[in-house]
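What follows is upload.cif (mmCIF, C-alpha atoms and all ligand atoms).
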```
data_data
#
loop_
_atom_site.label_atom_id
_atom_site.label_comp_id
_atom_site.auth_asym_id
_atom_site.auth_seq_id
_atom_site.Cartn_x
_atom_site.Cartn_y
_atom_site.Cartn_z
CA MET A 772 0.00 0.00 0.00
CA MET A 773 1.38 3.43 -1.01
CA SER A 774 0.36 6.55 0.92
CA ASN A 775 -0.16 10.05 -0.41
CA ASP A 776 -1.45 12.50 2.26
CA ASN A 777 -4.63 10.96 3.66
CA ARG A 778 -5.12 8.72 0.62
CA HIS A 779 -3.91 5.16 0.29
CA VAL A 780 -3.50 3.51 -3.09
CA MET A 781 -3.73 -0.28 -3.08
CA SER A 782 -2.81 -2.06 -6.27
CA VAL A 783 -4.51 -5.32 -7.15
CA ALA A 784 -3.96 -7.67 -10.07
CA ASP A 785 -7.24 -7.40 -11.95
CA PRO A 786 -10.98 -6.69 -11.59
CA ALA A 787 -11.62 -10.03 -9.84
CA ALA A 788 -8.95 -9.30 -7.23
CA MET A 789 -10.35 -5.80 -6.87
CA ALA A 790 -13.85 -7.11 -6.14
CA ALA A 791 -12.42 -9.55 -3.57
CA ALA A 792 -10.42 -6.79 -1.85
CA ALA A 793 -13.43 -4.45 -1.84
CA ALA A 794 -15.67 -7.16 -0.35
CA GLU A 795 -13.11 -7.80 2.35
CA ARG A 796 -12.92 -4.10 3.25
CA LEU A 797 -16.70 -3.71 3.21
CA ILE A 798 -17.20 -6.71 5.48
CA ALA A 799 -14.44 -5.46 7.81
CA ARG A 800 -16.14 -2.04 8.13
CA ILE A 801 -19.48 -3.71 8.84
CA SER A 802 -17.86 -5.93 11.50
CA GLU A 803 -16.39 -2.91 13.26
CA ASN A 804 -19.83 -1.46 13.91
CA PRO A 805 -21.99 -3.48 16.32
CA GLY A 806 -25.00 -1.19 15.74
CA ARG A 807 -26.85 0.09 12.71
CA VAL A 808 -24.56 0.16 9.66
CA ALA A 809 -24.85 2.53 6.66
CA ILE A 810 -23.18 1.79 3.33
CA CYS A 811 -23.29 4.20 0.40
CA LEU A 812 -23.10 2.41 -2.95
CA THR A 813 -22.08 3.79 -6.33
CA GLY A 814 -23.15 3.37 -9.94
CA GLY A 815 -21.15 2.64 -13.06
CA SER A 816 -19.62 -0.64 -14.12
CA SER A 817 -16.73 -0.80 -11.62
CA PRO A 818 -18.69 -2.10 -8.59
CA LYS A 819 -20.67 -4.76 -10.46
CA GLN A 820 -18.29 -7.62 -9.72
CA LEU A 821 -18.27 -6.67 -6.05
CA TYR A 822 -22.08 -6.63 -5.97
CA GLN A 823 -22.18 -10.11 -7.50
CA LEU A 824 -19.60 -11.37 -5.04
CA LEU A 825 -21.73 -10.25 -2.10
CA THR A 826 -24.40 -12.81 -3.07
CA THR A 827 -21.99 -15.73 -2.70
CA GLU A 828 -22.42 -17.81 0.44
CA ALA A 829 -18.91 -16.95 1.66
CA CYS A 830 -19.73 -13.22 1.76
CA ARG A 831 -23.42 -13.43 2.46
CA ARG A 832 -23.06 -15.22 5.78
CA LYS A 833 -20.59 -12.59 7.06
CA ILE A 834 -23.05 -9.70 6.63
CA PRO A 835 -25.71 -9.07 9.30
CA TRP A 836 -28.25 -8.00 6.68
CA GLU A 837 -30.94 -7.03 9.19
CA ARG A 838 -28.89 -4.13 10.51
CA VAL A 839 -27.14 -2.91 7.36
CA HIS A 840 -28.71 -0.02 5.42
CA TRP A 841 -27.85 0.65 1.78
CA PHE A 842 -27.82 4.12 0.21
CA ILE A 843 -26.61 5.39 -3.17
CA GLY A 844 -24.10 8.21 -3.75
CA ASP A 845 -25.61 9.40 -7.01
CA GLU A 846 -28.45 8.51 -9.31
CA ARG A 847 -29.26 8.92 -12.97
CA PHE A 848 -32.70 10.57 -13.12
CA VAL A 849 -34.47 7.70 -14.85
CA PRO A 850 -37.23 5.41 -13.49
CA ALA A 851 -36.25 2.85 -10.85
CA ASP A 852 -36.62 -0.07 -13.27
CA ASP A 853 -34.57 1.55 -16.06
CA PRO A 854 -31.32 -0.40 -16.70
CA LEU A 855 -29.42 2.89 -16.23
CA ASN A 856 -30.75 3.39 -12.69
CA ASN A 857 -27.82 2.92 -10.29
CA MET A 858 -29.82 1.61 -7.34
CA GLY A 859 -31.81 -0.54 -9.76
CA VAL A 860 -28.58 -2.22 -10.85
CA ALA A 861 -27.47 -2.80 -7.24
CA ARG A 862 -30.89 -4.21 -6.39
CA LYS A 863 -30.78 -6.60 -9.30
CA LEU A 864 -27.22 -7.73 -8.63
CA PHE A 865 -27.48 -8.30 -4.88
CA LEU A 866 -29.80 -6.20 -2.74
CA ASP A 867 -33.12 -7.76 -3.73
CA GLN A 868 -31.72 -11.23 -2.98
CA CYS A 869 -30.04 -10.35 0.28
CA ALA A 870 -31.28 -7.19 2.02
CA PRO A 871 -34.61 -6.46 3.72
CA ALA A 872 -36.57 -4.05 1.47
CA THR A 873 -36.86 -1.51 4.30
CA ASN A 874 -33.05 -1.28 4.47
CA ILE A 875 -32.73 -0.20 0.82
CA HIS A 876 -32.78 3.59 0.38
CA PRO A 877 -33.06 4.62 -3.29
CA ILE A 878 -33.07 8.22 -4.53
CA PRO A 879 -36.64 8.85 -5.77
CA THR A 880 -36.71 9.43 -9.52
CA SER A 881 -40.30 8.74 -10.53
CA THR A 882 -41.30 11.37 -13.07
CA ALA A 883 -44.71 11.99 -11.47
CA ASP A 884 -43.51 12.73 -7.95
CA PRO A 885 -40.93 14.13 -7.67
CA ALA A 886 -41.11 15.85 -11.04
CA ASP A 887 -37.49 16.97 -11.19
CA PRO A 888 -34.00 16.13 -9.90
CA ASP A 889 -34.04 18.99 -7.37
CA ARG A 890 -37.18 17.57 -5.81
CA GLY A 891 -35.64 14.08 -5.73
CA ALA A 892 -32.55 15.58 -4.13
CA ALA A 893 -34.60 17.41 -1.48
CA LEU A 894 -36.48 14.20 -0.61
CA TYR A 895 -33.25 12.23 -0.26
CA ASP A 896 -31.68 15.04 1.76
CA GLY A 897 -34.59 14.66 4.19
CA GLU A 898 -34.30 10.88 4.23
CA LEU A 899 -30.57 11.00 5.04
CA LYS A 900 -31.12 13.56 7.82
CA ALA A 901 -33.93 11.49 9.33
CA PHE A 902 -31.73 8.38 9.24
CA TYR A 903 -28.80 10.27 10.79
CA GLY A 904 -31.05 11.91 13.38
CA ALA A 905 -29.66 15.44 12.92
CA ASP A 906 -29.53 18.23 10.33
CA ALA A 907 -25.80 18.83 10.66
CA LEU A 908 -22.98 16.35 10.22
CA ASP A 909 -20.86 15.78 13.31
CA PRO A 910 -17.24 14.94 12.41
CA ASP A 911 -17.13 12.56 15.38
CA ARG A 912 -20.15 10.60 14.16
CA PRO A 913 -19.82 9.78 10.45
CA LEU A 914 -23.01 9.28 8.47
CA PHE A 915 -21.69 6.24 6.60
CA ASP A 916 -19.46 3.33 7.56
CA LEU A 917 -18.29 3.00 3.96
CA VAL A 918 -18.79 5.04 0.79
CA LEU A 919 -18.02 3.35 -2.54
CA MET A 920 -16.84 5.55 -5.41
CA GLY A 921 -15.67 5.37 -9.01
CA VAL A 922 -13.94 7.85 -11.30
CA GLY A 923 -15.04 8.90 -14.78
CA PRO A 924 -12.82 9.79 -17.77
CA ASP A 925 -13.21 13.54 -17.01
CA GLY A 926 -12.33 13.10 -13.32
CA HIS A 927 -15.91 13.18 -12.08
CA THR A 928 -16.98 11.09 -9.16
CA ALA A 929 -20.53 10.36 -8.01
CA SER A 930 -22.35 12.92 -10.25
CA LEU A 931 -19.96 15.73 -9.35
CA PHE A 932 -18.56 16.97 -12.66
CA PRO A 933 -15.57 19.29 -13.22
CA GLY A 934 -16.55 22.95 -12.94
CA ASP A 935 -20.04 22.24 -11.56
CA PRO A 936 -21.17 24.58 -8.74
CA ALA A 937 -22.40 21.45 -6.90
CA LEU A 938 -18.75 20.85 -5.98
CA ASP A 939 -18.79 23.87 -3.68
CA GLU A 940 -22.08 23.09 -1.98
CA THR A 941 -21.64 23.09 1.78
CA GLN A 942 -25.22 23.36 3.04
CA ARG A 943 -27.32 20.83 1.15
CA TRP A 944 -26.50 17.14 1.57
CA VAL A 945 -27.91 16.21 -1.83
CA VAL A 946 -28.36 18.28 -5.00
CA GLY A 947 -29.92 17.95 -8.45
CA VAL A 948 -27.55 18.09 -11.43
CA PRO A 949 -29.45 19.21 -14.55
CA LYS A 950 -26.74 18.24 -17.03
CA ALA A 951 -24.26 15.35 -16.98
CA ASN A 952 -20.80 15.81 -18.48
CA VAL A 953 -20.56 12.26 -19.79
CA GLU A 954 -22.91 9.50 -20.93
CA PRO A 955 -25.61 8.78 -20.06
CA PHE A 956 -26.68 12.40 -20.66
CA VAL A 957 -29.60 12.33 -18.25
CA PRO A 958 -30.07 14.67 -15.28
CA ARG A 959 -28.55 13.35 -12.05
CA VAL A 960 -28.95 13.59 -8.31
CA THR A 961 -25.79 13.51 -6.24
CA LEU A 962 -24.64 13.60 -2.66
CA THR A 963 -22.34 16.59 -2.08
CA LEU A 964 -18.68 16.39 -1.07
CA PRO A 965 -19.22 17.00 2.69
CA THR A 966 -21.93 14.32 2.77
CA LEU A 967 -19.80 11.76 0.96
CA ALA A 968 -16.85 12.68 3.19
CA SER A 969 -18.80 11.83 6.34
CA CYS A 970 -17.69 8.22 6.47
CA ARG A 971 -15.22 5.94 8.18
CA GLU A 972 -13.89 4.87 4.79
CA MET A 973 -14.25 6.06 1.21
CA LEU A 974 -13.34 3.28 -1.20
CA PHE A 975 -12.67 3.91 -4.89
CA GLU A 976 -12.59 1.04 -7.37
CA VAL A 977 -10.72 1.77 -10.60
CA ALA A 978 -9.87 -0.84 -13.23
CA GLY A 979 -8.84 -1.03 -16.87
CA ALA A 980 -6.30 0.63 -19.17
CA ASP A 981 -8.79 3.31 -20.20
CA LYS A 982 -8.63 4.68 -16.63
CA ARG A 983 -4.85 5.13 -16.61
CA ALA A 984 -4.87 8.62 -18.18
CA ILE A 985 -7.33 10.09 -15.70
CA LEU A 986 -5.66 8.36 -12.74
CA THR A 987 -2.33 9.89 -13.76
CA ARG A 988 -3.98 13.32 -13.57
CA VAL A 989 -5.74 12.58 -10.28
CA PHE A 990 -2.61 11.27 -8.58
CA ALA A 991 -0.63 14.27 -9.88
CA GLY A 992 -2.94 16.35 -7.71
CA GLU A 993 -4.96 18.08 -10.42
CA ASN A 994 -8.05 19.93 -9.21
CA LEU A 995 -10.63 17.33 -10.22
CA PRO A 996 -13.79 16.23 -8.39
CA ALA A 997 -12.32 12.78 -7.70
CA ASN A 998 -9.36 14.45 -6.00
CA ARG A 999 -11.58 16.57 -3.82
CA ALA A 1000 -13.55 13.58 -2.61
CA ARG A 1001 -11.88 12.56 0.65
CA SER A 1002 -13.21 10.82 3.70
CA THR A 1003 -12.95 12.45 7.10
CA GLY A 1004 -11.64 8.98 8.01
CA GLU A 1005 -9.72 6.81 5.56
CA THR A 1006 -9.66 7.18 1.76
CA VAL A 1007 -8.58 4.10 -0.18
CA TRP A 1008 -8.13 3.71 -3.92
CA LEU A 1009 -8.17 0.13 -5.20
CA VAL A 1010 -6.49 0.20 -8.59
CA ASP A 1011 -5.83 -2.75 -10.87
CA GLN A 1012 -2.56 -3.22 -12.80
CA ALA A 1013 -4.04 -2.06 -16.10
CA ALA A 1014 -5.20 1.25 -14.60
CA LEU A 1015 -2.11 1.96 -12.50
CA PRO A 1016 -0.17 5.07 -13.73
CA GLU A 1017 3.43 4.49 -14.89
CA ASN A 1018 4.99 6.24 -11.90
CA PHE A 1019 3.07 4.00 -9.48
CA ARG A 1020 4.48 0.85 -11.03
CA GLY A 1021 7.18 -0.95 -9.08
C1 LIG B 1101 -22.61 7.11 -12.36
C2 LIG B 1101 -21.54 6.89 -11.35
C3 LIG B 1101 -20.21 7.50 -11.74
C4 LIG B 1101 -19.25 6.34 -11.91
C5 LIG B 1101 -18.05 6.73 -12.74
C6 LIG B 1101 -17.20 5.53 -13.07
O1 LIG B 1101 -23.76 7.22 -12.01
O2 LIG B 1101 -22.25 7.11 -13.54
O3 LIG B 1101 -21.84 6.85 -10.06
O4 LIG B 1101 -19.67 8.45 -10.89
O5 LIG B 1101 -18.84 5.85 -10.68
O6 LIG B 1101 -18.47 7.33 -13.93
O7 LIG B 1101 -17.95 4.69 -13.89
P1 LIG B 1101 -17.44 3.26 -14.33
O8 LIG B 1101 -17.36 2.44 -13.10
O9 LIG B 1101 -18.49 2.76 -15.27
O10 LIG B 1101 -16.13 3.47 -14.97
#
```

Would you encode the structure as structure tokens?
Ligand code: 6PG
Amino acid sequence: MMSNDNRHVMSVADPAAMAAAAAERLIARISENPGRVAICLTGGSSPKQLYQLLTTEACRRKIPWERVHWFIGDERFVPADDPLNNMGVARKLFLDQCAPATNIHPIPTSTADPADPDRGAALYDGELKAFYGADALDPDRPLFDLVLMGVGPDGHTASLFPGDPALDETQRWVVGVPKANVEPFVPRVTLTLPTLASCREMLFEVAGADKRAILTRVFAGENLPANRARSTGETVWLVDQAALPENFRG
């Protein structure tokens, strides 16, 4: 493991090893908390192997499903059953098989109510605050045990895109994003940086040669959303060999 200020980069062989390492970290974070656990999931393709792994008997029996709650860090503003819906994908891959329905907390995206991403964001803001039991985040009491993240080709993370005013939001926990910078070009809802930061661990999963260029920029310290996303606790980047920048290679 290589350290760079409060961020740790862990290299793994390939996507399968990355999913195994992520599952191990997720289960370890759950085990550390004897009470109610909150995990914030992410969208994109990177976490899919992890989600599938969580349904295997070896992982499944280590998770006390009754007391683990599942949230999502950002959502594409499409109906819940649309294949692009991030929570919909997580439900299909593992949550619907494993978690009690009342422990699954999707961002509402139905077009009737709420009618727009800002409304969906406001509803989720309220849901997170009700779950947390306060309107302000206390640095000594993180909202989440673990927050999963990915990075896009432009350096976005969650639905926080370069240059978007949402990056500087300090009051609202969740905001609507009218325009995405990358595909799919649908409006988004995203948790803001302070909300995502309120966790014991933020865990990025990054794999594949097409991620090497953006990782080189992120690790060089460029001002990109993925660089500004840091946990108040530990921030870990799991990176596979194909994605690892040249200067991080042994
Ligand atoms: C989304 C995501 C997004 C994602 C990155 C990486 O809704 O698109 O939450 O932030 O994590 O774009 O995506 P991949 O894992 O597909 O590379």

Task: Test item: residues at most 10 Å from stretch 780-790 of chain A, all atoms listed in the file, excluding those fewer than 2 positions along its chain, as number ranges by chain - done: A: 772-775, 778, 792-796, 817-825, 975-979, 990, 1006-1015, 1019-1020

Quick one: contact table of stretch 772-828 of chain A to stretch 920-938 of chain A, 10 Å max, nearest atom pair and distance in Å to one decimal per residue, counting only C-alpha atoms, chain and number order, as JSON lines?
```
{"residue": "A:Cys811", "atom": "CA", "partner": "A:Met920", "partner_atom": "CA", "distance": 8.8}
{"residue": "A:Leu812", "atom": "CA", "partner": "A:Met920", "partner_atom": "CA", "distance": 7.4}
{"residue": "A:Thr813", "atom": "CA", "partner": "A:Met920", "partner_atom": "CA", "distance": 5.6}
{"residue": "A:Gly814", "atom": "CA", "partner": "A:Ala929", "partner_atom": "CA", "distance": 7.7}
{"residue": "A:Gly815", "atom": "CA", "partner": "A:Gly921", "partner_atom": "CA", "distance": 7.3}
{"residue": "A:Ser816", "atom": "CA", "partner": "A:Gly921", "partner_atom": "CA", "distance": 8.8}
{"residue": "A:Ser817", "atom": "CA", "partner": "A:Gly921", "partner_atom": "CA", "distance": 6.8}
{"residue": "A:Pro818", "atom": "CA", "partner": "A:Gly921", "partner_atom": "CA", "distance": 8.1}
```

- [ ] For each of A:Ile985, A:Ala968, A:Leu797, A:Ala991, take the minimum atom-to-atom distance to ligand LIG 1101 (chain B), counting all atoms listed in the file, then give the residue where this is smallest.
- [x]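 Of A:Ile985, A:Ala968, A:Leu797, A:Ala991, the one nearest ligand LIG 1101 (chain B) is A:Ile985, counting all atoms listed in the file.
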
Open item on the list: To one decimal place in Å, what is the distance between atom CA of A:Arg1001 and atom P1 of ligand LIG 1101 (chain B)?
Closed with: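 Separating atom CA of A:Arg1001 from atom P1 of ligand LIG 1101 (chain B) is a distance of 18.5 Å.
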
Open item on the list: What's the separation between atom CA of A:Leu864 and atom CA of A:Asn998, in Å to one decimal place?
Closed with: 28.6 Å

TODO: Report the distance between atom CA of A:Ala1000 and atom CA of A:Pro1016 in Å, rounded to one decimal place.
DONE: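 Distance between the two atoms: 19.4 Å.
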
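Nearest residue to ligand LIG 1101 (chain B), choosing from A:Glu993, A:Glu898, A:Asp853, A:Glu954 and counting all atoms listed in the file: A:Glu954.
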
Find the smallest box with edges along x, y and z containing every listed atom of ligand LIG 1101 (chain B), then add 6 Å on each side and report centre and edge lengths in Å to one decimal, as JSON.
```
{"center_x": -19.9, "center_y": 5.4, "center_z": -12.7, "size_x": 19.6, "size_y": 18.0, "size_z": 17.2}
```

Open item on the list: Under the rule that only C-alpha atoms and all ligand atoms are counted, which of A:Thr961, A:Gln942, A:Thr1003, A:Asn874 is the nearest residue to ligand LIG 1101 (chain B)?
Closed with: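 Among the listed residues, A:Thr961 lies closest to ligand LIG 1101 (chain B).
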